[in-house]
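Enquirer: One structure is given below, represented as structure tokens, and several questions about it will come after.
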Amino acid sequence: MARTYPTNTLQQARDVLEGWKAITTPITIVSVTQASVKTKMDAVSPVLEQIASMEAQLVDLRNQRDALLTDLWRDIKRVRAGIKSNFGDDSSEFAMVGGTRLSERKSPIHTRPPVTS
């Protein structure tokens with residue numbers, strides 16, 4: 001979802017409220033008061049703190065996921081290597097565990113440089 005506000009909205013609100021308080025001439029703005037702006041600013045802070053906390057938790061969960069998947073990938077490679085060493089790299093058993101059989105691999109294509117006369 002696209003944001004409909006600038007990324008520095010809270011800072012702008014602080015600046016506006018500070019400037020608004022410094023103005024000595026009373027200004028009437030329909031449905032917006034200094035108190036309502038301050039209340040909304042105060043409501044944002046706990047939400048931002050909660051987001052920061054959840055982002056930290058998310059980083060921790062991603063690190064756990066990466067560690068688990070790295071360990072799992074290591075096991076997968078070991079199983080495939082074991083199957084390959086026991087049954088051969090052209091065996092159907094090797095193909096059953098996700099390996100590409102030797103007979104099914106493409107032969108390498110070497111490009112030759114153009115002949116210049």
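A note on labels: chains of the structure tokens are A, B, ... as shown, every chain counts residues from 1, and ligands are counted from 1 in their shown order.
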I need the residues in chain A that are alpha helix (DSSP H) according to DSSP; give them as a VMD selection string.
Expert: chain A and resid 9 to 22 34 to 87 92 to 96
Enquirer: Measure the distance from atom CA of Lys84 of chain A to atom CA of Val97 of chain A in Å and round it to one decimal.
Expert: 9.6 Å
Enquirer: Counting only C-alpha atoms, which residue out of A:Asp89, A:Lys21, A:Gln64, A:Asp15 sits closest to Arg105 of chain A?
Expert: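 Selected residue with least distance to Arg105 of chain A: A:Asp89.
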Enquirer: Smallest atom-to-atom distance to Thr9 of chain A: which of A:Asn86, A:Glu104, A:Val37, A:Asp71, using only C-alpha atoms?
Expert: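 The closest residue to Thr9 of chain A is A:Val37.
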Enquirer: Report the distance between atom CA of Ile83 of chain A and atom CA of Gly99 of chain A in Å, rounded to one decimal place.
Expert: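 Computed distance, atom CA of Ile83 of chain A to atom CA of Gly99 of chain A, equals 9.3 Å.
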Enquirer: Pick from A:Gly98, A:Leu58, A:Tyr5, A:Asp42: nearest to Ile76 of chain A, with only C-alpha atoms counted?
Expert: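 Under the stated criterion, the closest residue is A:Gly98.
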Enquirer: Which of these, A:Met1, A:Val79, A:Leu10, A:Arg74, has the shortest distance to Ala43 of chain A once you count only C-alpha atoms?
Expert: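 Closest to Ala43 of chain A, using only C-alpha atoms: A:Leu10.
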Enquirer: Please provide as a ChimeraX atom specification all residues within 12 Å of Gln11 of chain A, with the sequence filter that same-chain residues fewer than 6 positions apart are discarded (counting only C-alpha atoms).
Expert: /A:17-18,41,44-45
Enquirer: Kindly export the residues of the current selection with N, CA and C atoms, as a PDB file, in the first residue's frame.
Expert:
ATOM      1  N   LEU A  17       3.577  22.533  15.089  1.00  0.00           N
ATOM      2  CA  LEU A  17       3.018  22.802  16.408  1.00  0.00           C
ATOM      3  C   LEU A  17       3.872  23.838  17.146  1.00  0.00           C
ATOM      4  N   GLU A  18       5.182  23.716  17.041  1.00  0.00           N
ATOM      5  CA  GLU A  18       6.082  24.676  17.681  1.00  0.00           C
ATOM      6  C   GLU A  18       5.878  26.070  17.087  1.00  0.00           C
ATOM      7  N   MET A  41      -0.028  13.358  17.555  1.00  0.00           N
ATOM      8  CA  MET A  41       1.414  13.131  17.627  1.00  0.00           C
ATOM      9  C   MET A  41       1.747  12.142  18.746  1.00  0.00           C
ATOM     10  N   VAL A  44       1.050   8.538  17.830  1.00  0.00           N
ATOM     11  CA  VAL A  44       1.956   7.925  16.859  1.00  0.00           C
ATOM     12  C   VAL A  44       3.140   7.246  17.551  1.00  0.00           C
ATOM     13  N   SER A  45       3.654   7.850  18.604  1.00  0.00           N
ATOM     14  CA  SER A  45       4.862   7.341  19.258  1.00  0.00           C
ATOM     15  C   SER A  45       4.760   5.886  19.711  1.00  0.00           C
TER      16      SER A  45
END
Enquirer: By how many Å are atom CA of Ala35 of chain A and atom CA of Leu48 of chain A apart?
Expert: 20.3 Å
